[in-house]
Number of protein chains: 2
Amino acid sequence: MYKLIKDNFSPQEILAGEFGLERESLRVNKDGHLALTNHPAALGDKSKNPYITTDFSESQVEMITPVMNTVEECHNFMENLYNIVALEIGDELLWPQSMPCVVEDENKIPVADFPDKSHENTRYRTYLLNKYGGRKQIISGIHYNFSFNSNFTKKLYALSESELKYNRFKDQLYLKVSRNFLRYRWFLIYLMGASPIVDKTYNQSCGENIKLCNPNLTDNNVISFRNSVCGYENKETLYGNYTTVTEYVQSICEFIREGSIESHKEFYSSIRLKPHNVHHFISSLLTDGIKYLEIRSIDVNPFEKVGISILDLKFIHLFMIFCLIEPENNFTEWQEEALSNQHLVSIKGAMDIMMKKNATFISLKDWAQEIYIKLNQLNNELNLDLSDVIDNIKIKLEDKNNLPSIKLKNLVEKEGYVKAHIVLANKYFKDAFRNRFRLKGYEDLELSTQILMREAYKRGIKCTITDRTENFIRLEKDNHVEYVKQATKTGLDSYITYLIMENKSVTKHVLNKHNVPTPWGIELNEFDPYKIEPFLQMACVIKPKSTNFGIGISIFTKPPTKEDLKKAVELALTFDNTVIIEEFLKGKEYRFLVIGNEVAGILHRKPANVIGDGIHTISQLAEIKNQDPLRGKGYKTPLEKIPLDIPVELFLKQSNLTLNSIPNPQEIVYLRENSNISTGGDSIDYTDKINTKLKKIAIKAAQSVGAKICGVDMIIEDLENPMSKFGIIELNFNPAIHIHCFPYKGTERNIAEKILTLLGL
Amino acid sequence: MYKLIKDNFSPQEILAGEFGLERESLRVNKDGHLALTNHPAALGDKSKNPYITTDFSESQVEMITPVMNTVEECHNFMENLYNIVALEIGDELLWPQSMPCVVEDENKIPVADFPDKSHENTRYRTYLLNKYGGRKQIISGIHYNFSFNSNFTKKLYALSESELKYNRFKDQLYLKVSRNFLRYRWFLIYLMGASPIVDKTYNQSCGENIKLCNPNLTDNNVISFRNSVCGYENKETLYGNYTTVTEYVQSICEFIREGSIESHKEFYSSIRLKPHNVHHFISSLLTDGIKYLEIRSIDVNPFEKVGISILDLKFIHLFMIFCLIEPENNFTEWQEEALSNQHLVSIKGAMDIMMKKNATFISLKDWAQEIYIKLNQLNNELNLDLSDVIDNIKIKLEDKNNLPSIKLKNLVEKEGYVKAHIVLANKYFKDAFRNRFRLKGYEDLELSTQILMREAYKRGIKCTITDRTENFIRLEKDNHVEYVKQATKTGLDSYITYLIMENKSVTKHVLNKHNVPTPWGIELNEFDPYKIEPFLQMACVIKPKSTNFGIGISIFTKPPTKEDLKKAVELALTFDNTVIIEEFLKGKEYRFLVIGNEVAGILHRKPANVIGDGIHTISQLAEIKNQDPLRGKGYKTPLEKIPLDIPVELFLKQSNLTLNSIPNPQEIVYLRENSNISTGGDSIDYTDKINTKLKKIAIKAAQSVGAKICGVDMIIEDLENPMSKFGIIELNFNPAIHIHCFPYKGTERNIAEKILTLLGL
């Protein structure tokens with residue numbers, strides 16, 4: 001097998017695979033007690049959300065990534081799910097360890113609440129509660145789903161000249177991996193186990209066992225309570241038969257017949273063979289064979305926000321390849337020995353213990369070294385480029401203080417059980433908040449799209465990218481499919497609505513037909529002294545019809561002379577055959593974001609500015625302002641850092657200021673003319689500050705062109721005056737949403753939620 | 001008045017105005033008898049179509065232009081209406097004269113048929129029939145609606161320092177024009193009268209009068225029967241009071257009270273004062289004053305397809321300005337004298353008659369010369385640039401053989417009454433057919449838009465252009481408004497449907513999700529020897545993802561070598577970051593035009609070619625083929641002329657041919673590789689030749705992306721084989737419709753009709 005792979009496969013082919021992660025986490029109060037609140041409604045129907053649901057307990061969040069092609073994608077996705085959940089649970093935190101938080105009264109653990117109480121979900125949980133007790137059922141872990149890429153198994157099949165059918169051949173591969181996984185799982189538990197300690201309220205759950213594991217609570221050698229006899233185990237020791245799929249299925253059926261377990265779901269093995277169709281576990285396994293393996297021995301790593309590091313994900317991947325390649329011994333009692341090794345390492349792994357390998361004693365240290373050498377060899381000979389993984393194993397083997405279990409035990413000894421965990425949980429919450437506007441692994445997408453996708457995942461809407469560079473996504477829920485481009489280009493608006501908005505003069509034509517106020521104006525193809533006459537009496541704007549970036553625009557804030565107007569028209573005519581002249585509206589510009597029949601947000605932009613404190617220079621004040629995590633560079637954040645460039649210096653010079661001037665306390669110093677966010681401008685939410693009349697006008701404007709999603713740009717002369725003059729200067733068919741979601745000042749608006757609701761998702 | 005205008009107004013200001021035309025025309029059989037068929041259903045509901053309706057008789061088509069800013073636009077619009085009607089009446093023709101065609105039995109003249117027989121329309125026509133007789137009611141004419149531009153009347157008002165209110169001042173202007181028009185109308189009738197002769201069946205209608213007008217049918221001096229006592233006149237002579245609007249209204253009310261007429265509509269004056277609101281004639285005239293004038297003395301000119309020339313339209317415009325400026329005489333019996341002059345000129349105008357001017361005798365010749373000089377002076381002194389109009393008057397005055405009346409009389413003497421008119425009508429029909437794909441005055445618009453607008457006018461849909469350069473139009477019928485861009489971009493499709501179709505890979509993704517066959521393929525961002533492997537076994541195409549014009553595309557009709565494939569991928573990568581490789585489908589490409597749930601047309605394009613006759617050279621054959629009126633240059637016609645350029649010569653050379661080679665009879669010689677219409681390719685309709693299965697696939701493809709209007713490009717390997725391989729290679733969101741409407745070969749498909757129906761218009 002090894003030679004076959006080594007001689008015929010590229011590292012790319014060997015490492016290709018499908019990966020998926022599941023992570024459970026308890027919601028807790030700030031004092032480390034299990035939260036008794038309901039699963040947040042914002043996270044959608046837990047029986048339908050494929051990403052975020054609850055496990056046994058209502059307070060036990062389960063986060064699930066889709067199947068992905070790399071472990072990095074899985075890790076990013078899990079981090080996004082973590083961030084989403086962390087920000088939806090109010091004052092509660094996500095408990096960062098596998099073993100439970102403080103649970104004073106086991107009877108108060110809320111079993112997951114499903115609307116239909118007679119549903120199987122509820123019945124099964126009650127059964128588990130009665131059989132295992134609530135505390136054991138809320139032990140949380142990480143499941144790692146893995147399959148080789150089918151090109152790899154097919155090529156292996158072709159090269160192996162097996163007489164089996166392909167599906168059976170593939171099953172044999174996965175069965176071998178499973179057996180070896182079981183044999184060597186102690187190694188994984190040793191390196192990754194991270195539940196060395198429990199709260200004293202847990203002791204009650206373990207009966208006699210707890211004395212074995214935890215004689216005096218802190219002074220012990222436990223690596224993983226979760227993988228110990230005090231952990232998440234069946235009542236009876238059950239050994240599945242991993243010889244063939246048929247035998248595996250038969251063994252499980254036998255457990256059920258004997259009454260040891262109720263269904264295959266209750267078979268708490270360290271690794272599970274998974275079928276194509278989860279709803280028909282047995283028949284699907286027997287006919288189509290194994291689709292993937294589920295590794296279930298992994299503790300939540302409290303030192304990782306996600307609960308597991310990318311390095312460990314890669315390590316497990318390498319470990320799977322090792323399990324595929326490593327030849328098997330024909331020792332018959334291997335399962336009993338392997339379980340014994342698991343328990344031993346879990347409970348005493350921090351000591352230099354002796355283990356049994358094929359009925360022969362071997363020290364943990366020696367055996368670990370043996371496996372390490374093999375992994376290192378695999379990495380080198382197959383060119384897997386995983387030396388970071390190898391190094392990481394090495395430092396853990398060299399010094400057990402590098403093991404997460406030992407690190408956590410040390411921390412708890414210092415800080416106490418609750419505080420040690422709560423400090424970590426708090427740190428992860430803050431990180432989630434700082435990153436609330438981004439979707440990790442999708443930073444190449446526009447912020448608006450990241451925000452929409454994030455909200456989709458939150459609601460349990462399946463979201464896939466159909467064209468990454470175009471920010472084109474596909475949303476699906478309950479067989480309802482919607483495609484969305486750039487967050488606001490949807491099936492809600494009609495093609496002609498877009499075309500109307502895209503064309504300034506047609507937009508104006510339609511708005512006027514609906515009596516929506518716009519600046520009065522005309523279009524010209526050449527300078528016409530007769531037609532321009534009215535504009536000699538008013539402040540006016542001259543602009544090329546189709547340019548969008550301010551090019552060729554002249555603004556006269558007072559009535560122009562005929563000569564100046566002529567020059568302006570001729571300038572604009574160099575950019576377009578058609579020129580628009582219209583009255584110049586005095587006042588400030590506001591962006592009304594209309595979604596459906598409501599104004600979902602109103603925003604005003606201010607040019608980059610600093611507010612003095614009488615101490616710091618302009619340059620220092622800008623630097624302080626730039627610390628805001630909402631500010632970044634290159635449109636990866638809702639706001640941009642204020643650049644202190646030559647235009648700023650020139651602009652300051654006009655007011656006899658330099659970057660080193662020290663403004664007075666409360667003095668606002670503007671740093672440039674234009675208010676673009678891209679040059680450090682501020683976005684300020686005005687949604688609750690603008691009267692209903694103007695909101696209705698904005699809605700009417702959008703409705704005039706038939707738009708369901710529309711950015712309405714309105715000039716309002718005086719916001720304080722309800723009779724103030726106003727006019728609509730532009731409609732935008734692709735309004736940015738991130739500026740409303742994360743303004744510099746004012747309330748953050750959940751625009752994505754409104755879009756998804758309008759889409760019926 | 002003259003000085004005021006001369007000193008203060010530019011020619012542009014003087015000539016600005018609003019114009020509208022109405023023209024009646026009888027539908028006749030090829031033998032010159034009145035058609036007894038119904039008004040064509042394709043022309044929509046005649047009680048709602050604002051452009052095409054019927055007048056008194058079901059066989060009397062009335063064509064109406066909207067209000068336009070120039071006479072040229074009016075003329076073009078009327079020509080379009082003519083073309084539309086001429087092509088919708090089957091074998092019938094439009095009678096090109098004011099006086100009726102052959103009407104053997106007056107009782108058989110079909111009165112216009114309205115669905116609701118009790119409707120006012122029907123009652124009024126029956127009343128007219130009984131009072132005037134059918135033959136008189138089917139006399140046809142041209143009405144010319146005119147108003148000065150309000151900027152002109154407002155400026156005149158400002159300069160005149162009148163004490164009247166503006167509306168009354170404006171009324172005074174129009175009343176003066178009307179009075180002068182009545183005084184000088186004989187001049188217009190003399191120059192433009194064109195009904196010098198009637199069919200003998202008409203004589204019965206005139207009683208004693210006919211002897212006066214037409215003693216022996218041809219040997220007479222009639223200019224205009226229509227304006228004579230045998231024409232379209234009230235039973236009694238009625239003189240309206242043109243002093244003020246109030247008196248005008250009072251005089252009409254008096255006629256009604258006396259029972260001379262039934263309503264203001266029956267007052268057959270040469271000029272009518274028209275209100276803003278036609279439905280409230282009297283109250284609207286009294287309150288808002290005169291909106292425009294309707295000139296009703298104009299005969300249909302049989303020598304003009306449209307019934308009137310642009311020169312004559314301009315002449316009438318000049319004549320209106322003359323009527324405004326010309327001082328009035330205080331002679332009280334002016335109305336009686338003017339009517340007498342009208343009758344005299346109408347009946348005896350071809351002789352050198354004496355007329356009465358303010359009770360003094362003056363010869364027609366002298367008076368005409370007098371008016372001519374004044375018109376000439378106006379033109380010169382006001383710089384109106386109407387010397388063509390002046391010259392045209394001059395040649396008519398110099399030689400009466402240049403009068404349309406005399407020309408028609410001469411023609412009828414030579415050819416006979418029916419034949420003379422039918423020959424002209426036939427000529428106009430042929431011209432209409434030749435121009436069936438274009439909309440005169442709108443040639444700058446895309447053909448597809450011209451075709452759609454034409455169909456809209458036909459159905460009585462109000463159609464206005466919102467952005468000319470963008471082919472953006474507004475359609476309205478019964479308060480239902482639809483905007484359309486480039487004929488097929490409508491509100492039927494959603495924005496995301498367009499965005500899906502615009503993106504090749506998203507389109508393919510969606511089609512595949514719906515199991516619509518497309519060529520199998522992958523996307524690459526760099527050459528990947530692993531991923532391209534399948535393509536070494538198949539004919540394939542390599543193309544940049546986003547290029548549309550064949551740039552950077554490589555086609556391998558046989559499986560390529562790895563090296564060639566690499567070169568092709570690298571070439572494509574120079575045009576786009578993403579490259580598509582897909583299987584190459586063998587066969588011919590067909591464009592399925594899906595409209596709603598049906599395939600409205602299927603088209604196949606062939607490269608430019610000629611078919612030999614054993615006599616002509618390739619170059620001569622191309623020249624003959626280029627005679628087809630469907631072929632033109634610069635996309636103004638459905639097909640382009642075959643260019644005999646260097647690529648053609650080089651292409652022929654490959655087969656050892658030159659432009660001077662003489663192909664054998666029936667031999668097809670292709671002239672270039674590509675099948676684009678733009679290089680002289682042929683479009684061939686296959687709509688009825690392709691099986692339902694493939695049509696359903698095309699419809700399914702469109703429906704997959706949610707498209708209501710969609711050009712589906714399908715490759716079909718073998719059209720004759722129902723099991724033939726096929727695949728969809730592209731969806732187009734803006735499919736051209738003209739290629740289906742006017743193919744080189746095969747049935748012309750009325751696509752515009754289907755689009756308008758789908759739009760609910």
# chains A, B, ... in the order shown; residues from 1 in each chain; ligands from 1
call {"tool": "closest_atom_pairs", "arguments": {"of": "chain A", "to": "chain B", "cutoff": "6 Å", "atoms": "only C-alpha atoms", "output": "CSV"}}
result
residue,atom,partner,partner_atom,distance
A:Thr466,CA,B:Val506,CA,6.0
A:Thr490,CA,B:Ile496,CA,4.9
A:Gly491,CA,B:Ile496,CA,4.8
A:Asp493,CA,B:Tyr495,CA,5.5
A:Ser494,CA,B:Ser494,CA,3.9
A:Tyr495,CA,B:Tyr495,CA,4.1
A:Ile496,CA,B:Gly491,CA,4.8
A:Val506,CA,B:Thr466,CA,6.0
call {"tool": "select_by_dssp", "arguments": {"residues": "range 295-389 of chain B", "states": "alpha helix (DSSP H)", "output": "NGL selection string"}}
result
:B and (310-325 or 334-348 or 364-381 or 387-389)
call {"tool": "residues_around", "arguments": {"residues": "Cys463 in chain B", "least_positions_apart": "6", "cutoff": "10 Å", "atoms": "only C-alpha atoms", "output": "ChimeraX atom specification"}}
result
/B:66,452-454,456-457,473-477,481-483
call {"tool": "write_last_selection", "arguments": {"atoms": "N, CA, C and O atoms", "output": "short mmCIF file (atom, residue, chain, number, x, y, z; two decimals), in the first residue's frame"}}
result
data_model
loop_
_atom_site.label_atom_id
_atom_site.label_comp_id
_atom_site.auth_asym_id
_atom_site.auth_seq_id
_atom_site.Cartn_x
_atom_site.Cartn_y
_atom_site.Cartn_z
N PRO B 66 -49.42 61.71 -32.94
CA PRO B 66 -49.43 62.47 -31.68
C PRO B 66 -48.95 63.90 -31.95
O PRO B 66 -48.56 64.23 -33.08
N LEU B 452 -40.45 46.95 -32.43
CA LEU B 452 -41.34 46.89 -31.27
C LEU B 452 -42.25 48.12 -31.22
O LEU B 452 -43.46 48.00 -30.96
N MET B 453 -41.68 49.29 -31.49
CA MET B 453 -42.48 50.52 -31.46
C MET B 453 -43.57 50.48 -32.52
O MET B 453 -44.71 50.89 -32.31
N ARG B 454 -43.19 49.99 -33.68
CA ARG B 454 -44.14 49.89 -34.78
C ARG B 454 -45.33 49.03 -34.39
O ARG B 454 -46.49 49.39 -34.62
N ALA B 456 -46.25 48.47 -31.38
CA ALA B 456 -46.97 49.19 -30.32
C ALA B 456 -47.96 50.18 -30.94
O ALA B 456 -49.13 50.23 -30.56
N TYR B 457 -47.49 50.93 -31.91
CA TYR B 457 -48.38 51.89 -32.57
C TYR B 457 -49.55 51.15 -33.22
O TYR B 457 -50.69 51.59 -33.15
N ILE B 473 -37.64 53.04 -24.12
CA ILE B 473 -38.97 53.55 -24.45
C ILE B 473 -39.96 53.29 -23.32
O ILE B 473 -39.74 52.45 -22.45
N ARG B 474 -41.05 54.05 -23.38
CA ARG B 474 -42.12 53.92 -22.39
C ARG B 474 -43.37 53.55 -23.15
O ARG B 474 -43.73 54.20 -24.13
N LEU B 475 -44.03 52.50 -22.72
CA LEU B 475 -45.26 52.05 -23.37
C LEU B 475 -46.41 52.23 -22.40
O LEU B 475 -46.26 51.96 -21.21
N GLU B 476 -47.53 52.69 -22.89
CA GLU B 476 -48.67 52.88 -21.99
C GLU B 476 -49.96 52.55 -22.70
O GLU B 476 -50.21 52.95 -23.83
N LYS B 477 -50.78 51.79 -22.03
CA LYS B 477 -52.11 51.48 -22.54
C LYS B 477 -53.04 51.26 -21.35
O LYS B 477 -52.70 50.51 -20.44
N VAL B 481 -48.32 50.99 -17.52
CA VAL B 481 -47.07 51.52 -18.06
C VAL B 481 -45.97 50.46 -18.00
O VAL B 481 -45.83 49.76 -17.00
N GLU B 482 -45.23 50.34 -19.08
CA GLU B 482 -44.06 49.47 -19.09
C GLU B 482 -42.91 50.22 -19.75
O GLU B 482 -43.10 50.86 -20.78
N TYR B 483 -41.75 50.13 -19.14
CA TYR B 483 -40.56 50.66 -19.78
C TYR B 483 -39.81 49.50 -20.44
O TYR B 483 -39.78 48.39 -19.90
#
call {"tool": "residues_around", "arguments": {"residues": "Val177 in chain B", "least_positions_apart": "6", "cutoff": "7 Å", "atoms": "only C-alpha atoms", "output": "ChimeraX atom specification"}}
result
/B:320,323-324
call {"tool": "select_by_dssp", "arguments": {"residues": "range 375-570 of chain A", "states": "strand (DSSP E)", "output": "ChimeraX atom specification"}}
result
/A:462-467,472-477,480-485,521-524,540-544,554-556
call {"tool": "residues_around", "arguments": {"residues": "range 29-39 of chain A", "least_positions_apart": "6", "cutoff": "7 Å", "atoms": "only C-alpha atoms", "output": "list in words"}}
result
Glu58, Ser59, Glu92, Leu93, Cys101, Val102, Val103, Pro110, Val418 and Ile422 of chain A
call {"tool": "write_last_selection", "arguments": {"atoms": "N, CA and C atoms", "output": "compact mmCIF listing (two decimals), in the first residue's frame"}}
result
# COMPACT_ATOMS: atom_id res chain seq x y z
N GLU A 58 -30.88 22.33 25.64
CA GLU A 58 -31.23 23.62 25.06
C GLU A 58 -30.06 24.60 25.17
N SER A 59 -29.23 24.41 26.19
CA SER A 59 -28.11 25.34 26.41
C SER A 59 -26.83 24.86 25.74
N GLU A 92 -24.43 36.02 27.86
CA GLU A 92 -23.91 34.68 28.05
C GLU A 92 -22.61 34.48 27.27
N LEU A 93 -21.89 33.43 27.68
CA LEU A 93 -20.63 33.11 27.00
C LEU A 93 -20.66 31.65 26.57
N CYS A 101 -19.60 23.17 32.64
CA CYS A 101 -19.49 24.29 33.54
C CYS A 101 -20.11 23.89 34.89
N VAL A 102 -20.41 24.88 35.70
CA VAL A 102 -21.02 24.59 37.00
C VAL A 102 -22.48 24.17 36.76
N VAL A 103 -22.82 23.00 37.28
CA VAL A 103 -24.22 22.54 37.18
C VAL A 103 -24.64 22.08 38.57
N PRO A 110 -31.75 22.12 31.10
CA PRO A 110 -32.89 22.13 30.17
C PRO A 110 -32.62 21.26 28.94
N VAL A 418 -13.77 28.12 37.39
CA VAL A 418 -14.69 29.01 36.66
C VAL A 418 -13.94 30.17 36.03
N ILE A 422 -13.85 31.31 32.15
CA ILE A 422 -14.62 32.50 31.79
C ILE A 422 -13.70 33.57 31.15
call {"tool": "closest_residue", "arguments": {"among": "A:Thr332, A:Asn435, A:Thr518, A:Asn341", "to": "Trp367 in chain A", "atoms": "only C-alpha atoms"}}
result
A:Asn341
call {"tool": "residues_around", "arguments": {"residues": "range 399-413 of chain A", "least_positions_apart": "2", "cutoff": "6 Å", "atoms": "only C-alpha atoms", "output": "compact mmCIF listing (two decimals) with N, CA, C and O atoms, in the first residue's frame"}}
result
# COMPACT_ATOMS: atom_id res chain seq x y z
N GLY A 193 -5.96 15.82 23.97
CA GLY A 193 -6.88 15.80 25.11
C GLY A 193 -6.79 17.11 25.86
O GLY A 193 -5.69 17.66 26.06
N ALA A 194 -7.91 17.65 26.30
CA ALA A 194 -7.88 18.98 26.91
C ALA A 194 -9.00 19.10 27.94
O ALA A 194 -9.61 20.15 28.10
N PRO A 196 -8.67 17.96 31.49
CA PRO A 196 -7.95 17.34 32.60
C PRO A 196 -8.62 17.59 33.94
O PRO A 196 -8.18 17.07 34.96
N ILE A 223 -5.55 13.52 31.44
CA ILE A 223 -5.39 14.21 30.16
C ILE A 223 -6.77 14.58 29.62
O ILE A 223 -7.00 15.71 29.17
N LYS A 396 5.44 18.85 21.80
CA LYS A 396 4.54 18.30 22.81
C LYS A 396 5.14 17.05 23.45
O LYS A 396 5.02 16.81 24.66
N LEU A 397 5.80 16.24 22.59
CA LEU A 397 6.41 15.02 23.13
C LEU A 397 7.62 15.35 23.99
O LEU A 397 7.89 14.68 24.99
N GLU A 415 -6.00 30.04 38.60
CA GLU A 415 -7.12 30.98 38.53
C GLU A 415 -8.41 30.44 39.15
O GLU A 415 -9.33 31.20 39.40
N GLY A 416 -8.48 29.17 39.30
CA GLY A 416 -9.75 28.56 39.72
C GLY A 416 -10.50 28.10 38.47
O GLY A 416 -10.31 28.64 37.37
N TYR A 417 -11.37 27.10 38.66
CA TYR A 417 -12.02 26.45 37.52
C TYR A 417 -12.88 27.43 36.72
O TYR A 417 -12.70 27.58 35.50
N ALA A 420 -10.82 30.67 35.20
CA ALA A 420 -9.91 30.30 34.10
C ALA A 420 -10.68 30.17 32.80
O ALA A 420 -10.27 30.70 31.76
call {"tool": "atom_distance", "arguments": {"atom1": "CA of Ile347 in chain B", "atom2": "CA of Gln97 in chain B"}}
result
16.8 Å
call {"tool": "residues_around", "arguments": {"residues": "Gly90 in chain B", "least_positions_apart": "4", "cutoff": "10 Å", "atoms": "only C-alpha atoms", "output": "PyMOL selection string"}}
result
chain B and resi 29+40+85-86
